[in-house]
Amino acid sequence: DQQVKQNSPSLSVQEGRISILNCDYTNSMFDYFLWYKKYPAEGPTFLISISSIKDKNEDGRFTVFLNKSAKHLSLHIVPSQPGDSAVYFCAASATGTASKLTFGTGTRLQVTL
Amino acid sequence: EAGVVQSPRYKIIEKKQPVAFWCNPISGHNTLYWYLQNLGQGPELLIRYENEEAVDDSQLPKDRFSAERLKGVDSTLKIQPAELGDSAVYLCASSPGAMNTEAFFGQGTRLTVV
C-alpha cells in the first residue's frame, strides 16, 4: 500500500527550463509535506516543505504547490540547472512534524545542457 | 555545525554474520531515526527515538534487528544474523522534533551481504 506515489521514475529537462515533479498521496491525515534531493552515495538533503494550511511555498528557484482536494503536490524548479540533476523524493507526515515520514519512490531528474 | 554522522560508509559481510552501524545525530536533536532504503525505493522508517526511548519500532524486524540509543545521543543499529535480503542502505536521521521542521539525514551505510 503505497501512500505516497511518485509516478514518474525519471524526468529530463533542458537547462533554463522549468522542471515539474509530481507527487500524489492517499492518506487524508497527512498534513506536512517535504521534498528531499539525493545525490548518489549521499543521504537525502532537505529542499523545501509545506504545511497543509498553505497551498504554496516558495524558496528561491524552488516552489512547492499543494492541492489538498486532489491529494497532489508538485515541486517546480525554475530555472533548472545542471546541478539540480538528482533523485527527488516526496515525503509526507500526519503529525505536522518529521516524526514519521512516508516517502515516495523518487523521481530522477536530469537537467541537460 | 556538523551534520548527522554515520559509520561505516560501506560494509560487506557474509550472510549469518553480525553487523552494527553507528550514528551521531546533530547536537541538540532529541529525535533520532533509522531508515532503510532499498534500491529504487524511498527510505522506510525502522525505528524512531525520542531521547533514549524508542517510541516507534513497529517496522523493526525484531527477530534479527536491534537498536539502542544510550544517553539519548549516539545510536547503534545491529543485525544478527544478517541475511542476503538485508543488503540496502541504512540511513540515520535526526530532527529537533518541533512542528514544521525537517529531518536531517546522514550519508548512510551501504550494507552488502554476500
# chains A, B, ... in the order shown; residues from 1 in each chain; ligands from 1

call {"tool": "interface_residues", "arguments": {"of": "chain B", "to": "chain A", "cutoff": "12 Å", "atoms": "only C-alpha atoms", "output": "number ranges by chain"}}
result
B: 3-6, 9-10, 30-50, 55-59, 89-110

call {"tool": "write_last_selection", "arguments": {"atoms": "C-alpha atoms", "output": "compact mmCIF listing (two decimals), in the first residue's frame"}}
result
# COMPACT_ATOMS: atom_id res chain seq x y z
CA GLY B 3 25.59 17.14 10.31
CA VAL B 4 24.45 13.62 11.10
CA VAL B 5 27.48 11.34 11.09
CA GLN B 6 27.27 7.66 10.28
CA ARG B 9 30.07 4.19 4.97
CA TYR B 10 30.28 0.74 3.43
CA ASN B 30 16.21 14.84 20.58
CA THR B 31 14.63 12.76 17.83
CA LEU B 32 16.68 10.14 16.03
CA TYR B 33 15.54 7.83 13.24
CA TRP B 34 16.87 4.80 11.47
CA TYR B 35 15.61 4.34 7.92
CA LEU B 36 16.15 1.54 5.44
CA GLN B 37 16.44 2.31 1.74
CA ASN B 38 16.28 -0.47 -0.81
CA LEU B 39 17.42 0.10 -4.36
CA GLY B 40 14.89 2.10 -6.35
CA GLN B 41 12.74 2.81 -3.30
CA GLY B 42 12.27 5.64 -0.88
CA PRO B 43 13.53 5.41 2.71
CA GLU B 44 11.34 3.42 5.11
CA LEU B 45 11.29 4.07 8.84
CA LEU B 46 12.69 1.29 11.03
CA ILE B 47 12.71 2.95 14.42
CA ARG B 48 12.31 6.38 15.99
CA TYR B 49 13.78 7.56 19.28
CA GLU B 50 12.73 10.46 21.44
CA VAL B 55 8.72 5.45 20.62
CA ASP B 56 8.06 3.77 17.28
CA ASP B 57 9.71 0.46 16.42
CA SER B 58 6.74 -1.11 14.69
CA GLN B 59 8.67 -1.59 11.42
CA VAL B 89 21.41 1.50 2.58
CA TYR B 90 20.78 2.21 6.25
CA LEU B 91 20.14 5.89 6.90
CA CYS B 92 20.21 7.68 10.20
CA ALA B 93 18.42 10.99 10.61
CA SER B 94 17.71 13.44 13.39
CA SER B 95 15.32 16.31 13.93
CA PRO B 96 14.57 18.89 16.60
CA GLY B 97 11.05 17.48 16.78
CA ALA B 98 9.25 20.80 16.55
CA MET B 99 6.34 21.47 14.23
CA ASN B 100 7.14 22.08 10.57
CA THR B 101 10.79 21.15 10.87
CA GLU B 102 12.61 18.67 8.74
CA ALA B 103 14.68 15.58 9.39
CA PHE B 104 18.37 15.77 8.57
CA PHE B 105 19.93 12.66 7.11
CA GLY B 106 23.40 11.21 7.34
CA GLN B 107 25.23 9.81 4.33
CA GLY B 108 24.10 6.29 5.10
CA THR B 109 25.80 2.93 5.42
CA ARG B 110 25.63 0.72 2.35

call {"tool": "select_by_dssp", "arguments": {"residues": "range 20-97 of chain B", "states": "strand (DSSP E or B)", "output": "VMD selection string"}}
result
chain B and resid 20 to 24 31 to 37 44 to 50 53 to 56 65 to 68 75 to 79 88 to 95

call {"tool": "residues_around", "arguments": {"residues": "Asp86 in chain B", "least_positions_apart": "4", "cutoff": "8 Å", "atoms": "only C-alpha atoms", "output": "short mmCIF file (atom, residue, chain, number, x, y, z; two decimals) with N, CA and C atoms, in the first residue's frame"}}
result
data_model
loop_
_atom_site.label_atom_id
_atom_site.label_comp_id
_atom_site.auth_asym_id
_atom_site.auth_seq_id
_atom_site.Cartn_x
_atom_site.Cartn_y
_atom_site.Cartn_z
N ALA B 82 22.81 -11.53 9.77
CA ALA B 82 22.42 -10.87 8.53
C ALA B 82 21.99 -11.88 7.48
N LEU B 111 25.14 -1.53 3.07
CA LEU B 111 25.45 -2.90 3.50
C LEU B 111 25.26 -3.85 2.34
N THR B 112 26.27 -4.68 2.14
CA THR B 112 26.18 -5.75 1.15
C THR B 112 26.39 -7.07 1.88
N VAL B 113 25.41 -7.95 1.79
CA VAL B 113 25.51 -9.26 2.41
C VAL B 113 25.72 -10.28 1.29
#

call {"tool": "residues_around", "arguments": {"residues": "Ser69 in chain A", "least_positions_apart": "3", "cutoff": "10 Å", "atoms": "only C-alpha atoms", "output": "JSON, numbers by chain"}}
result
{"A": [28, 66, 72]}

call {"tool": "atom_distance", "arguments": {"atom1": "CA of Ala2 in chain B", "atom2": "CA of Ala86 in chain A"}}
result
23.0 Å

call {"tool": "atom_distance", "arguments": {"atom1": "CA of Leu109 in chain A", "atom2": "CA of Thr63 in chain A"}}
result
15.8 Å

call {"tool": "residues_around", "arguments": {"residues": "Glu68 in chain B", "least_positions_apart": "3", "cutoff": "8 Å", "atoms": "only C-alpha atoms", "output": "PDB file with all heavy atoms, in the first residue's frame"}}
result
ATOM      1  N   GLU B  52      16.209   8.821  24.757  1.00  0.00           N
ATOM      2  CA  GLU B  52      16.673   7.430  24.775  1.00  0.00           C
ATOM      3  C   GLU B  52      15.556   6.414  24.601  1.00  0.00           C
ATOM      4  O   GLU B  52      15.794   5.212  24.570  1.00  0.00           O
ATOM      5  CB  GLU B  52      17.450   7.136  26.070  1.00  0.00           C
ATOM      6  CG  GLU B  52      16.597   7.177  27.332  1.00  0.00           C
ATOM      7  CD  GLU B  52      16.479   8.575  27.895  1.00  0.00           C
ATOM      8  OE1 GLU B  52      16.909   9.543  27.225  1.00  0.00           O
ATOM      9  OE2 GLU B  52      15.931   8.700  29.005  1.00  0.00           O
ATOM     10  N   SER B  75      23.551   6.469  18.563  1.00  0.00           N
ATOM     11  CA  SER B  75      22.722   5.273  18.434  1.00  0.00           C
ATOM     12  C   SER B  75      23.457   4.219  17.624  1.00  0.00           C
ATOM     13  O   SER B  75      24.286   4.533  16.759  1.00  0.00           O
ATOM     14  CB  SER B  75      21.406   5.615  17.737  1.00  0.00           C
ATOM     15  OG  SER B  75      20.611   4.462  17.539  1.00  0.00           O
ATOM     16  N   THR B  76      23.144   2.962  17.903  1.00  0.00           N
ATOM     17  CA  THR B  76      23.649   1.869  17.088  1.00  0.00           C
ATOM     18  C   THR B  76      22.482   1.008  16.625  1.00  0.00           C
ATOM     19  O   THR B  76      21.494   0.840  17.344  1.00  0.00           O
ATOM     20  CB  THR B  76      24.654   0.983  17.843  1.00  0.00           C
ATOM     21  OG1 THR B  76      24.027   0.512  19.057  1.00  0.00           O
ATOM     22  CG2 THR B  76      25.901   1.755  18.198  1.00  0.00           C
ATOM     23  N   LEU B  77      22.611   0.495  15.443  1.00  0.00           N
ATOM     24  CA  LEU B  77      21.647  -0.435  14.866  1.00  0.00           C
ATOM     25  C   LEU B  77      22.407  -1.719  14.568  1.00  0.00           C
ATOM     26  O   LEU B  77      23.469  -1.672  13.952  1.00  0.00           O
ATOM     27  CB  LEU B  77      21.049   0.131  13.578  1.00  0.00           C
ATOM     28  CG  LEU B  77      20.053  -0.750  12.821  1.00  0.00           C
ATOM     29  CD1 LEU B  77      18.768  -0.917  13.627  1.00  0.00           C
ATOM     30  CD2 LEU B  77      19.748  -0.160  11.449  1.00  0.00           C
TER      31      LEU B  77
END

call {"tool": "residues_around", "arguments": {"residues": "Gly83 in chain A", "least_positions_apart": "5", "cutoff": "12 Å", "atoms": "only C-alpha atoms", "output": "compact mmCIF listing (two decimals) with N, CA and C atoms, in the first residue's frame"}}
result
# COMPACT_ATOMS: atom_id res chain seq x y z
N GLU A 15 18.40 22.72 -19.52
CA GLU A 15 18.86 23.79 -18.65
C GLU A 15 18.10 25.08 -18.94
N GLY A 16 17.68 25.76 -17.90
CA GLY A 16 16.97 27.02 -18.06
C GLY A 16 15.46 26.89 -18.12
N LYS A 37 16.19 15.98 -1.82
CA LYS A 37 17.02 15.78 -3.01
C LYS A 37 18.14 14.82 -2.63
N LYS A 38 18.45 13.90 -3.51
CA LYS A 38 19.50 12.94 -3.18
C LYS A 38 20.46 12.76 -4.34
N TYR A 39 21.74 13.00 -4.03
CA TYR A 39 22.80 12.71 -4.98
C TYR A 39 23.31 11.29 -4.71
N ILE A 77 10.92 23.77 -10.29
CA ILE A 77 12.28 24.31 -10.23
C ILE A 77 12.45 25.20 -11.46
N LEU A 109 15.73 13.31 -11.81
CA LEU A 109 15.74 14.48 -12.70
C LEU A 109 17.10 14.61 -13.35
N GLN A 110 17.07 14.74 -14.65
CA GLN A 110 18.29 15.00 -15.41
C GLN A 110 18.12 16.34 -16.12
N VAL A 111 19.00 17.27 -15.82
CA VAL A 111 18.97 18.57 -16.49
C VAL A 111 20.09 18.59 -17.51
N THR A 112 19.69 18.72 -18.76
CA THR A 112 20.67 18.64 -19.85
C THR A 112 21.06 20.03 -20.34
N LEU A 113 22.23 20.10 -20.90
CA LEU A 113 22.75 21.39 -21.39
C LEU A 113 22.09 21.80 -22.71

call {"tool": "atom_distance", "arguments": {"atom1": "CA of Asn57 in chain A", "atom2": "CA of Leu75 in chain A"}}
result
9.7 Å
